[in-house]
file query-v5.cif (mmCIF, N, CA and C atoms)
data_model
loop_
_atom_site.label_atom_id
_atom_site.label_comp_id
_atom_site.auth_asym_id
_atom_site.auth_seq_id
_atom_site.Cartn_x
_atom_site.Cartn_y
_atom_site.Cartn_z
N VAL C 221 178.94 131.95 111.99
CA VAL C 221 179.26 133.22 111.36
C VAL C 221 179.54 134.24 112.45
N ALA C 222 180.65 134.94 112.33
CA ALA C 222 180.98 136.03 113.24
C ALA C 222 181.17 137.29 112.40
N TYR C 223 180.79 138.43 112.94
CA TYR C 223 180.94 139.66 112.18
C TYR C 223 181.03 140.86 113.10
N THR C 224 181.40 141.98 112.54
CA THR C 224 181.58 143.27 113.20
C THR C 224 182.73 143.21 114.19
N MET C 225 183.79 143.94 113.87
CA MET C 225 184.92 144.05 114.77
C MET C 225 184.81 145.37 115.51
N PRO C 226 185.07 145.37 116.82
CA PRO C 226 184.94 146.61 117.58
C PRO C 226 186.06 147.62 117.32
N VAL C 227 187.22 147.15 116.87
CA VAL C 227 188.34 148.05 116.62
C VAL C 227 189.04 147.64 115.33
N ASN C 228 189.72 148.58 114.68
CA ASN C 228 190.54 148.26 113.52
C ASN C 228 191.64 147.31 113.97
N ALA C 229 192.11 146.45 113.06
CA ALA C 229 193.00 145.40 113.52
C ALA C 229 194.12 145.06 112.56
N ASN C 230 195.25 144.73 113.14
CA ASN C 230 196.33 143.98 112.53
C ASN C 230 196.48 142.77 113.43
N GLY C 231 196.80 141.62 112.86
CA GLY C 231 196.93 140.42 113.68
C GLY C 231 195.69 139.57 113.59
N THR C 232 195.40 138.82 114.65
CA THR C 232 194.22 137.97 114.68
C THR C 232 192.97 138.83 114.77
N LEU C 233 192.03 138.58 113.86
CA LEU C 233 190.79 139.35 113.85
C LEU C 233 189.84 138.80 114.91
N VAL C 234 189.32 139.69 115.72
CA VAL C 234 188.39 139.33 116.80
C VAL C 234 187.08 140.05 116.54
N TYR C 235 186.01 139.30 116.58
CA TYR C 235 184.69 139.83 116.23
C TYR C 235 183.84 140.03 117.47
N SER C 236 182.81 140.86 117.36
CA SER C 236 181.99 141.15 118.52
C SER C 236 180.60 140.51 118.47
N ILE C 237 180.20 139.99 117.31
CA ILE C 237 178.87 139.39 117.17
C ILE C 237 179.00 138.04 116.48
N GLU C 238 178.23 137.07 116.93
CA GLU C 238 178.20 135.78 116.26
C GLU C 238 176.74 135.35 116.07
N LYS C 239 176.51 134.58 115.02
CA LYS C 239 175.19 134.02 114.74
C LYS C 239 175.33 132.59 114.26
N PHE C 240 174.30 131.83 114.45
CA PHE C 240 174.22 130.44 113.97
C PHE C 240 175.30 129.55 114.58
N ASP C 241 175.73 129.87 115.80
CA ASP C 241 176.75 129.08 116.49
C ASP C 241 176.05 128.14 117.47
N ASN C 242 175.45 127.10 116.95
CA ASN C 242 174.63 126.20 117.76
C ASN C 242 175.41 125.44 118.82
N ASN C 243 176.69 125.18 118.58
CA ASN C 243 177.50 124.41 119.53
C ASN C 243 178.38 125.29 120.42
N GLY C 244 178.40 126.59 120.19
CA GLY C 244 179.28 127.46 120.97
C GLY C 244 180.74 127.30 120.59
N ASP C 245 181.01 127.04 119.29
CA ASP C 245 182.38 126.79 118.84
C ASP C 245 183.17 128.06 118.55
N MET C 246 182.50 129.20 118.39
CA MET C 246 183.18 130.46 118.11
C MET C 246 183.39 131.23 119.41
N ASN C 247 184.62 131.67 119.63
CA ASN C 247 184.94 132.46 120.81
C ASN C 247 185.18 133.90 120.35
N ILE C 248 184.24 134.79 120.68
CA ILE C 248 184.39 136.18 120.22
C ILE C 248 185.32 136.99 121.12
N THR C 249 185.89 136.37 122.15
CA THR C 249 186.89 137.05 122.97
C THR C 249 188.27 136.98 122.34
N ASN C 250 188.58 135.83 121.67
CA ASN C 250 189.92 135.67 121.10
C ASN C 250 189.91 135.39 119.59
N GLY C 251 188.74 135.35 118.95
CA GLY C 251 188.65 135.16 117.50
C GLY C 251 188.82 133.73 117.04
N ARG C 252 188.75 132.77 117.96
CA ARG C 252 188.98 131.36 117.62
C ARG C 252 187.68 130.61 117.36
N PHE C 253 187.67 129.85 116.27
CA PHE C 253 186.63 128.86 116.03
C PHE C 253 187.24 127.50 116.31
N THR C 254 186.71 126.78 117.31
CA THR C 254 187.22 125.46 117.65
C THR C 254 186.39 124.41 116.92
N CYS C 255 187.06 123.58 116.15
CA CYS C 255 186.39 122.57 115.32
C CYS C 255 185.88 121.43 116.20
N PRO C 256 184.58 121.20 116.20
CA PRO C 256 184.03 120.16 117.08
C PRO C 256 184.35 118.74 116.62
N VAL C 257 184.57 118.55 115.32
CA VAL C 257 184.90 117.23 114.78
C VAL C 257 185.99 117.37 113.73
N ALA C 258 186.72 116.31 113.49
CA ALA C 258 187.71 116.30 112.42
C ALA C 258 187.00 116.37 111.08
N GLY C 259 187.65 116.99 110.10
CA GLY C 259 187.06 117.03 108.77
C GLY C 259 187.59 118.18 107.95
N VAL C 260 186.87 118.47 106.87
CA VAL C 260 187.21 119.58 105.99
C VAL C 260 186.19 120.68 106.23
N TYR C 261 186.69 121.89 106.46
CA TYR C 261 185.85 123.04 106.72
C TYR C 261 186.07 124.09 105.64
N SER C 262 185.01 124.75 105.26
CA SER C 262 185.10 125.90 104.36
C SER C 262 185.20 127.15 105.24
N VAL C 263 186.25 127.94 105.01
CA VAL C 263 186.49 129.14 105.80
C VAL C 263 186.43 130.34 104.86
N SER C 264 185.59 131.32 105.19
CA SER C 264 185.44 132.53 104.36
C SER C 264 185.64 133.78 105.20
N ILE C 265 186.22 134.78 104.56
CA ILE C 265 186.42 136.08 105.20
C ILE C 265 186.10 137.17 104.19
N PHE C 266 185.46 138.22 104.66
CA PHE C 266 185.24 139.39 103.82
C PHE C 266 185.27 140.63 104.70
N GLY C 267 185.88 141.68 104.19
CA GLY C 267 185.93 142.95 104.90
C GLY C 267 186.61 144.00 104.05
N PHE C 268 187.15 145.00 104.71
CA PHE C 268 187.80 146.12 104.03
C PHE C 268 189.09 146.49 104.72
N TYR C 269 190.08 146.90 103.90
CA TYR C 269 191.24 147.56 104.48
C TYR C 269 190.92 149.04 104.62
N ASN C 270 191.55 149.66 105.60
CA ASN C 270 191.30 151.08 105.86
C ASN C 270 191.77 151.97 104.72
N VAL C 271 191.22 153.17 104.69
CA VAL C 271 191.62 154.20 103.74
C VAL C 271 193.10 154.54 103.98
N SER C 272 193.86 154.62 102.90
CA SER C 272 195.27 155.06 102.96
C SER C 272 196.08 154.35 104.04
N ARG C 273 195.92 153.05 104.15
CA ARG C 273 196.66 152.31 105.18
C ARG C 273 198.16 152.38 104.90
N SER C 274 198.93 152.06 105.91
CA SER C 274 200.38 152.23 105.80
C SER C 274 201.11 150.97 105.38
N ASN C 275 200.43 149.83 105.28
CA ASN C 275 201.15 148.61 104.92
C ASN C 275 200.30 147.72 104.02
N ASN C 276 200.98 146.84 103.28
CA ASN C 276 200.30 145.84 102.47
C ASN C 276 199.74 144.77 103.39
N GLY C 277 198.93 143.89 102.84
CA GLY C 277 198.38 142.92 103.75
C GLY C 277 197.97 141.59 103.18
N ASP C 278 198.46 140.55 103.83
CA ASP C 278 197.94 139.21 103.63
C ASP C 278 196.72 139.04 104.54
N VAL C 279 195.82 138.18 104.11
CA VAL C 279 194.78 137.67 105.00
C VAL C 279 194.97 136.16 104.99
N ASN C 280 195.30 135.60 106.14
CA ASN C 280 195.62 134.19 106.25
C ASN C 280 194.63 133.45 107.13
N VAL C 281 194.35 132.21 106.76
CA VAL C 281 193.65 131.29 107.64
C VAL C 281 194.74 130.60 108.45
N ARG C 282 194.59 130.62 109.76
CA ARG C 282 195.54 129.94 110.63
C ARG C 282 194.84 128.79 111.35
N VAL C 283 195.58 127.72 111.54
CA VAL C 283 195.11 126.58 112.31
C VAL C 283 196.07 126.40 113.48
N ASN C 284 195.54 126.45 114.68
CA ASN C 284 196.34 126.35 115.91
C ASN C 284 197.47 127.36 115.95
N GLY C 285 197.21 128.56 115.41
CA GLY C 285 198.18 129.65 115.47
C GLY C 285 199.19 129.70 114.34
N SER C 286 199.19 128.71 113.45
CA SER C 286 200.13 128.69 112.33
C SER C 286 199.38 128.89 111.01
N THR C 287 200.00 129.61 110.09
CA THR C 287 199.37 129.87 108.80
C THR C 287 199.12 128.56 108.06
N TYR C 288 197.88 128.36 107.65
CA TYR C 288 197.48 127.20 106.85
C TYR C 288 197.50 127.58 105.37
N THR C 289 196.93 128.75 105.06
CA THR C 289 196.92 129.24 103.68
C THR C 289 196.61 130.73 103.66
N ARG C 290 197.07 131.38 102.61
CA ARG C 290 196.69 132.78 102.36
C ARG C 290 195.41 132.75 101.55
N VAL C 291 194.42 133.54 101.97
CA VAL C 291 193.17 133.59 101.23
C VAL C 291 193.01 134.89 100.44
N ALA C 292 193.82 135.89 100.78
CA ALA C 292 193.73 137.16 100.05
C ALA C 292 194.98 137.97 100.31
N TYR C 293 195.22 138.92 99.40
CA TYR C 293 196.34 139.85 99.54
C TYR C 293 195.98 141.14 98.82
N SER C 294 196.38 142.24 99.39
CA SER C 294 196.19 143.52 98.71
C SER C 294 197.36 144.43 98.98
N SER C 295 197.89 145.02 97.91
CA SER C 295 198.95 146.02 98.04
C SER C 295 198.45 147.40 97.63
N GLU C 296 197.17 147.48 97.34
CA GLU C 296 196.59 148.75 96.91
C GLU C 296 196.47 149.72 98.09
N VAL C 297 196.91 150.92 97.92
CA VAL C 297 196.69 151.96 98.90
C VAL C 297 195.90 153.04 98.19
N GLN C 298 194.65 153.15 98.57
CA GLN C 298 193.74 154.05 97.89
C GLN C 298 193.17 155.08 98.85
N SER C 299 192.48 156.04 98.30
CA SER C 299 191.80 157.02 99.14
C SER C 299 190.42 156.51 99.56
N GLU C 300 190.12 155.27 99.17
CA GLU C 300 188.85 154.64 99.55
C GLU C 300 189.16 153.34 100.26
N TYR C 301 188.17 152.78 100.93
CA TYR C 301 188.34 151.46 101.53
C TYR C 301 188.55 150.42 100.44
N THR C 302 189.43 149.46 100.68
CA THR C 302 189.73 148.42 99.72
C THR C 302 189.05 147.13 100.16
N PRO C 303 188.08 146.61 99.38
CA PRO C 303 187.46 145.34 99.76
C PRO C 303 188.44 144.19 99.61
N ILE C 304 188.39 143.27 100.55
CA ILE C 304 189.29 142.13 100.51
C ILE C 304 188.60 140.93 101.16
N GLY C 305 188.81 139.77 100.55
CA GLY C 305 188.20 138.58 101.11
C GLY C 305 188.63 137.34 100.36
N GLY C 306 188.21 136.20 100.85
CA GLY C 306 188.54 134.94 100.21
C GLY C 306 187.93 133.77 100.94
N THR C 307 188.06 132.61 100.32
CA THR C 307 187.54 131.36 100.89
C THR C 307 188.57 130.27 100.68
N SER C 308 188.67 129.36 101.64
CA SER C 308 189.59 128.24 101.52
C SER C 308 189.00 127.02 102.20
N LEU C 309 189.41 125.84 101.75
CA LEU C 309 189.09 124.60 102.45
C LEU C 309 190.25 124.27 103.37
N VAL C 310 189.91 123.84 104.59
CA VAL C 310 190.92 123.56 105.61
C VAL C 310 190.62 122.18 106.20
N LYS C 311 191.63 121.31 106.24
CA LYS C 311 191.47 119.98 106.83
C LYS C 311 192.07 120.01 108.23
N VAL C 312 191.25 119.66 109.22
CA VAL C 312 191.67 119.77 110.62
C VAL C 312 191.26 118.54 111.42
N ALA C 313 191.86 118.42 112.60
CA ALA C 313 191.48 117.40 113.57
C ALA C 313 190.45 117.99 114.53
N ALA C 314 189.75 117.15 115.24
CA ALA C 314 188.82 117.63 116.27
C ALA C 314 189.59 118.46 117.29
N ASN C 315 189.00 119.56 117.72
CA ASN C 315 189.54 120.49 118.72
C ASN C 315 190.66 121.39 118.19
N ASP C 316 191.02 121.30 116.91
CA ASP C 316 191.89 122.32 116.33
C ASP C 316 191.11 123.63 116.30
N TYR C 317 191.82 124.75 116.30
CA TYR C 317 191.11 126.02 116.20
C TYR C 317 191.57 126.80 114.97
N ILE C 318 190.62 127.54 114.41
CA ILE C 318 190.84 128.33 113.20
C ILE C 318 190.70 129.80 113.55
N THR C 319 191.64 130.61 113.06
CA THR C 319 191.56 132.06 113.21
C THR C 319 191.87 132.71 111.87
N ILE C 320 191.54 133.97 111.76
CA ILE C 320 191.90 134.79 110.60
C ILE C 320 192.94 135.79 111.07
N PHE C 321 194.03 135.89 110.31
CA PHE C 321 195.14 136.77 110.67
C PHE C 321 195.42 137.71 109.50
N THR C 322 195.61 138.98 109.79
CA THR C 322 195.92 139.95 108.74
C THR C 322 197.13 140.79 109.11
N GLU C 323 197.89 141.15 108.10
CA GLU C 323 199.02 142.05 108.27
C GLU C 323 198.64 143.47 107.86
N GLY C 324 197.46 143.64 107.30
CA GLY C 324 197.00 144.95 106.87
C GLY C 324 196.16 145.62 107.93
N ASP C 325 195.77 146.83 107.68
CA ASP C 325 194.92 147.59 108.61
C ASP C 325 193.46 147.27 108.30
N TYR C 326 192.96 146.19 108.89
CA TYR C 326 191.59 145.75 108.62
C TYR C 326 190.62 146.70 109.30
N HIS C 327 189.60 147.11 108.58
CA HIS C 327 188.64 148.10 109.06
C HIS C 327 187.55 147.45 109.91
N ALA C 328 187.25 148.07 111.02
CA ALA C 328 186.19 147.58 111.90
C ALA C 328 184.85 148.12 111.43
N ASN C 329 183.95 147.21 111.08
CA ASN C 329 182.61 147.63 110.70
C ASN C 329 181.70 146.42 110.56
N GLY C 330 180.44 146.65 110.28
CA GLY C 330 179.48 145.58 110.15
C GLY C 330 179.64 144.74 108.90
N ALA C 331 180.45 145.19 107.96
CA ALA C 331 180.63 144.44 106.70
C ALA C 331 181.75 143.43 106.79
N THR C 332 182.39 143.29 107.94
CA THR C 332 183.44 142.31 108.14
C THR C 332 182.81 141.01 108.59
N VAL C 333 183.04 139.93 107.83
CA VAL C 333 182.38 138.65 108.13
C VAL C 333 183.40 137.51 108.07
N PHE C 334 183.31 136.60 109.02
CA PHE C 334 184.12 135.39 109.10
C PHE C 334 183.15 134.23 109.26
N SER C 335 183.21 133.25 108.36
CA SER C 335 182.30 132.11 108.49
C SER C 335 183.05 130.81 108.30
N VAL C 336 182.61 129.80 109.03
CA VAL C 336 183.21 128.47 108.99
C VAL C 336 182.08 127.46 108.87
N HIS C 337 182.20 126.54 107.90
CA HIS C 337 181.19 125.52 107.70
C HIS C 337 181.86 124.16 107.49
N LEU C 338 181.37 123.15 108.19
CA LEU C 338 181.84 121.79 107.99
C LEU C 338 181.28 121.28 106.65
N VAL C 339 182.19 120.81 105.77
CA VAL C 339 181.73 120.31 104.47
C VAL C 339 181.92 118.80 104.34
N GLY C 340 182.69 118.21 105.20
CA GLY C 340 182.84 116.75 105.12
C GLY C 340 184.00 116.22 105.88
#
call {"tool": "encode", "arguments": {"input": "query-v5.cif", "output": "structure tokens"}}
result
Amino acid sequence: VAYTMPVNANGTLVYSIEKFDNNGDMNITNGRFTCPVAGVYSVSIFGFYNVSRSNNGDVNVRVNGSTYTRVAYSSEVQSEYTPIGGTSLVKVAANDYITIFTEGDYHANGATVFSVHLVG
């Protein structure tokens, strides 16, 4: 589990805190989770878009830098923060890396969470 982004972001989300990373698979410098074994992983993201952001936004799970699937989308522009999140199953090979990519103005705060779990 990685959470809290130091700055608002468009592009690959990079987090500043990680927990429960027993193997050291999460890199909080570049936002990459490197899969230690081949299999199916559950990938979850939750956070907020900024108040009155200027663009719509996909939130995508990427594998090795390419979009694997869209997990969320929001076109709402409100005077409040817009919650956004989703979960997807991703099938990968050993040493593939997973990142979260957004086209929206993702808000930096403690409520932003990215988690990856091996399910089989």
call {"tool": "residues_around", "arguments": {"input": "query-v5.cif", "residues": "segment 282-290 of chain C", "least_positions_apart": "2", "cutoff": "7 Å", "atoms": "only N, CA and C atoms", "output": "number ranges by chain"}}
result
C: 278-280, 292-293, 316-321
call {"tool": "resolve_selection", "arguments": {"input": "query-v5.cif", "expression": "the PyMOL selection byres (((chain C and resi 256-271 and name CA) around 6) and name CA)", "output": "MDAnalysis selection string"}}
result
chainID C and resid 255 272:273 299:315 325:327 331:340
call {"tool": "write_last_selection", "arguments": {"input": "query-v5.cif", "atoms": "N, CA and C atoms", "output": "CSV table (one decimal), in the coordinates of the input"}}
result
chain,number,residue,atom,x,y,z
C,255,CYS,N,187.1,123.6,116.2
C,255,CYS,CA,186.4,122.6,115.3
C,255,CYS,C,185.9,121.4,116.2
C,272,SER,N,193.9,154.6,102.9
C,272,SER,CA,195.3,155.1,103.0
C,272,SER,C,196.1,154.4,104.0
C,273,ARG,N,195.9,153.0,104.2
C,273,ARG,CA,196.7,152.3,105.2
C,273,ARG,C,198.2,152.4,104.9
C,299,SER,N,192.5,156.0,98.3
C,299,SER,CA,191.8,157.0,99.1
C,299,SER,C,190.4,156.5,99.6
C,300,GLU,N,190.1,155.3,99.2
C,300,GLU,CA,188.8,154.6,99.6
C,300,GLU,C,189.2,153.3,100.3
C,301,TYR,N,188.2,152.8,100.9
C,301,TYR,CA,188.3,151.5,101.5
C,301,TYR,C,188.6,150.4,100.4
C,302,THR,N,189.4,149.5,100.7
C,302,THR,CA,189.7,148.4,99.7
C,302,THR,C,189.0,147.1,100.2
C,303,PRO,N,188.1,146.6,99.4
C,303,PRO,CA,187.5,145.3,99.8
C,303,PRO,C,188.4,144.2,99.6
C,304,ILE,N,188.4,143.3,100.6
C,304,ILE,CA,189.3,142.1,100.5
C,304,ILE,C,188.6,140.9,101.2
C,305,GLY,N,188.8,139.8,100.6
C,305,GLY,CA,188.2,138.6,101.1
C,305,GLY,C,188.6,137.3,100.4
C,306,GLY,N,188.2,136.2,100.8
C,306,GLY,CA,188.5,134.9,100.2
C,306,GLY,C,187.9,133.8,100.9
C,307,THR,N,188.1,132.6,100.3
C,307,THR,CA,187.5,131.4,100.9
C,307,THR,C,188.6,130.3,100.7
C,308,SER,N,188.7,129.4,101.6
C,308,SER,CA,189.6,128.2,101.5
C,308,SER,C,189.0,127.0,102.2
C,309,LEU,N,189.4,125.8,101.8
C,309,LEU,CA,189.1,124.6,102.4
C,309,LEU,C,190.2,124.3,103.4
C,310,VAL,N,189.9,123.8,104.6
C,310,VAL,CA,190.9,123.6,105.6
C,310,VAL,C,190.6,122.2,106.2
C,311,LYS,N,191.6,121.3,106.2
C,311,LYS,CA,191.5,120.0,106.8
C,311,LYS,C,192.1,120.0,108.2
C,312,VAL,N,191.2,119.7,109.2
C,312,VAL,CA,191.7,119.8,110.6
C,312,VAL,C,191.3,118.5,111.4
C,313,ALA,N,191.9,118.4,112.6
C,313,ALA,CA,191.5,117.4,113.6
C,313,ALA,C,190.4,118.0,114.5
C,314,ALA,N,189.8,117.2,115.2
C,314,ALA,CA,188.8,117.6,116.3
C,314,ALA,C,189.6,118.5,117.3
C,315,ASN,N,189.0,119.6,117.7
C,315,ASN,CA,189.5,120.5,118.7
C,315,ASN,C,190.7,121.4,118.2
C,325,ASP,N,195.8,146.8,107.7
C,325,ASP,CA,194.9,147.6,108.6
C,325,ASP,C,193.5,147.3,108.3
C,326,TYR,N,193.0,146.2,108.9
C,326,TYR,CA,191.6,145.8,108.6
C,326,TYR,C,190.6,146.7,109.3
C,327,HIS,N,189.6,147.1,108.6
C,327,HIS,CA,188.6,148.1,109.1
C,327,HIS,C,187.6,147.4,109.9
C,331,ALA,N,180.4,145.2,108.0
C,331,ALA,CA,180.6,144.4,106.7
C,331,ALA,C,181.8,143.4,106.8
C,332,THR,N,182.4,143.3,107.9
C,332,THR,CA,183.4,142.3,108.1
C,332,THR,C,182.8,141.0,108.6
C,333,VAL,N,183.0,139.9,107.8
C,333,VAL,CA,182.4,138.6,108.1
C,333,VAL,C,183.4,137.5,108.1
C,334,PHE,N,183.3,136.6,109.0
C,334,PHE,CA,184.1,135.4,109.1
C,334,PHE,C,183.2,134.2,109.3
C,335,SER,N,183.2,133.2,108.4
C,335,SER,CA,182.3,132.1,108.5
C,335,SER,C,183.0,130.8,108.3
C,336,VAL,N,182.6,129.8,109.0
C,336,VAL,CA,183.2,128.5,109.0
C,336,VAL,C,182.1,127.5,108.9
C,337,HIS,N,182.2,126.5,107.9
C,337,HIS,CA,181.2,125.5,107.7
C,337,HIS,C,181.9,124.2,107.5
C,338,LEU,N,181.4,123.2,108.2
C,338,LEU,CA,181.8,121.8,108.0
C,338,LEU,C,181.3,121.3,106.6
C,339,VAL,N,182.2,120.8,105.8
C,339,VAL,CA,181.7,120.3,104.5
C,339,VAL,C,181.9,118.8,104.3
C,340,GLY,N,182.7,118.2,105.2
C,340,GLY,CA,182.8,116.8,105.1
C,340,GLY,C,184.0,116.2,105.9
call {"tool": "select_by_dssp", "arguments": {"input": "query-v5.cif", "residues": "chain C", "states": "strand (DSSP E)", "output": "number ranges by chain"}}
result
C: 222-223, 229-232, 237-238, 246-247, 252-254, 259-269, 277-283, 286-294, 302-312, 317-326, 333-338
call {"tool": "atom_distance", "arguments": {"input": "query-v5.cif", "atom1": "atom N of Val234 of chain C", "atom2": "atom CA of Ala222 of chain C"}}
result
9.4 Å
call {"tool": "atom_distance", "arguments": {"input": "query-v5.cif", "atom1": "atom N of Tyr235 of chain C", "atom2": "atom N of Val221 of chain C"}}
result
11.2 Å
call {"tool": "resolve_selection", "arguments": {"input": "query-v5.cif", "expression": "the PyMOL selection byres (((chain C and resi 246-249 and name CA) around 8) and name CA)", "output": "number ranges by chain"}}
result
C: 222, 234-238, 241, 244-245, 250-254
call {"tool": "atom_distance", "arguments": {"input": "query-v5.cif", "atom1": "atom N of Gly277 of chain C", "atom2": "atom CA of Gly231 of chain C"}}
result
11.6 Å
call {"tool": "closest_residue", "arguments": {"input": "query-v5.cif", "among": "C:Asn243, C:Thr322, C:Met225, C:Asn230", "to": "Val281 of chain C", "atoms": "all atoms listed in the file"}}
result
C:Thr322
call {"tool": "build_atoms", "arguments": {"input": "query-v5.cif", "residues": "segment 321-340 of chain C", "atoms": "N, CA, C and O atoms", "output": "PDB file, in the coordinates of the input"}}
result
ATOM      1  N   PHE C 321     194.030 135.890 110.310  1.00  0.00           N
ATOM      2  CA  PHE C 321     195.140 136.770 110.670  1.00  0.00           C
ATOM      3  C   PHE C 321     195.420 137.710 109.500  1.00  0.00           C
ATOM      4  O   PHE C 321     195.475 137.272 108.354  1.00  0.00           O
ATOM      5  N   THR C 322     195.610 138.980 109.790  1.00  0.00           N
ATOM      6  CA  THR C 322     195.920 139.950 108.740  1.00  0.00           C
ATOM      7  C   THR C 322     197.130 140.790 109.110  1.00  0.00           C
ATOM      8  O   THR C 322     197.353 141.088 110.281  1.00  0.00           O
ATOM      9  N   GLU C 323     197.890 141.150 108.100  1.00  0.00           N
ATOM     10  CA  GLU C 323     199.020 142.050 108.270  1.00  0.00           C
ATOM     11  C   GLU C 323     198.640 143.470 107.860  1.00  0.00           C
ATOM     12  O   GLU C 323     199.421 144.384 108.014  1.00  0.00           O
ATOM     13  N   GLY C 324     197.460 143.640 107.300  1.00  0.00           N
ATOM     14  CA  GLY C 324     197.000 144.950 106.870  1.00  0.00           C
ATOM     15  C   GLY C 324     196.160 145.620 107.930  1.00  0.00           C
ATOM     16  O   GLY C 324     195.889 145.049 108.984  1.00  0.00           O
ATOM     17  N   ASP C 325     195.770 146.830 107.680  1.00  0.00           N
ATOM     18  CA  ASP C 325     194.920 147.590 108.610  1.00  0.00           C
ATOM     19  C   ASP C 325     193.460 147.270 108.300  1.00  0.00           C
ATOM     20  O   ASP C 325     192.816 147.967 107.536  1.00  0.00           O
ATOM     21  N   TYR C 326     192.960 146.190 108.890  1.00  0.00           N
ATOM     22  CA  TYR C 326     191.590 145.750 108.620  1.00  0.00           C
ATOM     23  C   TYR C 326     190.620 146.700 109.300  1.00  0.00           C
ATOM     24  O   TYR C 326     190.772 147.046 110.470  1.00  0.00           O
ATOM     25  N   HIS C 327     189.600 147.110 108.580  1.00  0.00           N
ATOM     26  CA  HIS C 327     188.640 148.100 109.060  1.00  0.00           C
ATOM     27  C   HIS C 327     187.550 147.450 109.910  1.00  0.00           C
ATOM     28  O   HIS C 327     186.994 146.423 109.537  1.00  0.00           O
ATOM     29  N   ALA C 328     187.250 148.070 111.020  1.00  0.00           N
ATOM     30  CA  ALA C 328     186.190 147.580 111.900  1.00  0.00           C
ATOM     31  C   ALA C 328     184.850 148.120 111.430  1.00  0.00           C
ATOM     32  O   ALA C 328     184.656 149.321 111.346  1.00  0.00           O
ATOM     33  N   ASN C 329     183.950 147.210 111.080  1.00  0.00           N
ATOM     34  CA  ASN C 329     182.610 147.630 110.700  1.00  0.00           C
ATOM     35  C   ASN C 329     181.700 146.420 110.560  1.00  0.00           C
ATOM     36  O   ASN C 329     182.142 145.294 110.664  1.00  0.00           O
ATOM     37  N   GLY C 330     180.440 146.650 110.280  1.00  0.00           N
ATOM     38  CA  GLY C 330     179.480 145.580 110.150  1.00  0.00           C
ATOM     39  C   GLY C 330     179.640 144.740 108.900  1.00  0.00           C
ATOM     40  O   GLY C 330     179.022 143.705 108.766  1.00  0.00           O
ATOM     41  N   ALA C 331     180.450 145.190 107.960  1.00  0.00           N
ATOM     42  CA  ALA C 331     180.630 144.440 106.700  1.00  0.00           C
ATOM     43  C   ALA C 331     181.750 143.430 106.790  1.00  0.00           C
ATOM     44  O   ALA C 331     182.037 142.749 105.826  1.00  0.00           O
ATOM     45  N   THR C 332     182.390 143.290 107.940  1.00  0.00           N
ATOM     46  CA  THR C 332     183.440 142.310 108.140  1.00  0.00           C
ATOM     47  C   THR C 332     182.810 141.010 108.590  1.00  0.00           C
ATOM     48  O   THR C 332     182.138 140.959 109.612  1.00  0.00           O
ATOM     49  N   VAL C 333     183.040 139.930 107.830  1.00  0.00           N
ATOM     50  CA  VAL C 333     182.380 138.650 108.130  1.00  0.00           C
ATOM     51  C   VAL C 333     183.400 137.510 108.070  1.00  0.00           C
ATOM     52  O   VAL C 333     184.232 137.448 107.172  1.00  0.00           O
ATOM     53  N   PHE C 334     183.310 136.600 109.020  1.00  0.00           N
ATOM     54  CA  PHE C 334     184.120 135.390 109.100  1.00  0.00           C
ATOM     55  C   PHE C 334     183.150 134.230 109.260  1.00  0.00           C
ATOM     56  O   PHE C 334     182.331 134.232 110.171  1.00  0.00           O
ATOM     57  N   SER C 335     183.210 133.250 108.360  1.00  0.00           N
ATOM     58  CA  SER C 335     182.300 132.110 108.490  1.00  0.00           C
ATOM     59  C   SER C 335     183.050 130.810 108.300  1.00  0.00           C
ATOM     60  O   SER C 335     184.019 130.731 107.550  1.00  0.00           O
ATOM     61  N   VAL C 336     182.610 129.800 109.030  1.00  0.00           N
ATOM     62  CA  VAL C 336     183.210 128.470 108.990  1.00  0.00           C
ATOM     63  C   VAL C 336     182.080 127.460 108.870  1.00  0.00           C
ATOM     64  O   VAL C 336     181.123 127.504 109.648  1.00  0.00           O
ATOM     65  N   HIS C 337     182.200 126.540 107.900  1.00  0.00           N
ATOM     66  CA  HIS C 337     181.190 125.520 107.700  1.00  0.00           C
ATOM     67  C   HIS C 337     181.860 124.160 107.490  1.00  0.00           C
ATOM     68  O   HIS C 337     182.804 124.052 106.706  1.00  0.00           O
ATOM     69  N   LEU C 338     181.370 123.150 108.190  1.00  0.00           N
ATOM     70  CA  LEU C 338     181.840 121.790 107.990  1.00  0.00           C
ATOM     71  C   LEU C 338     181.280 121.280 106.650  1.00  0.00           C
ATOM     72  O   LEU C 338     180.083 121.339 106.419  1.00  0.00           O
ATOM     73  N   VAL C 339     182.190 120.810 105.770  1.00  0.00           N
ATOM     74  CA  VAL C 339     181.730 120.310 104.470  1.00  0.00           C
ATOM     75  C   VAL C 339     181.920 118.800 104.340  1.00  0.00           C
ATOM     76  O   VAL C 339     181.379 118.192 103.414  1.00  0.00           O
ATOM     77  N   GLY C 340     182.690 118.210 105.200  1.00  0.00           N
ATOM     78  CA  GLY C 340     182.840 116.750 105.120  1.00  0.00           C
ATOM     79  C   GLY C 340     184.000 116.220 105.880  1.00  0.00           C
ATOM     80  O   GLY C 340     184.806 116.861 106.413  1.00  0.00           O
TER      81      GLY C 340
END
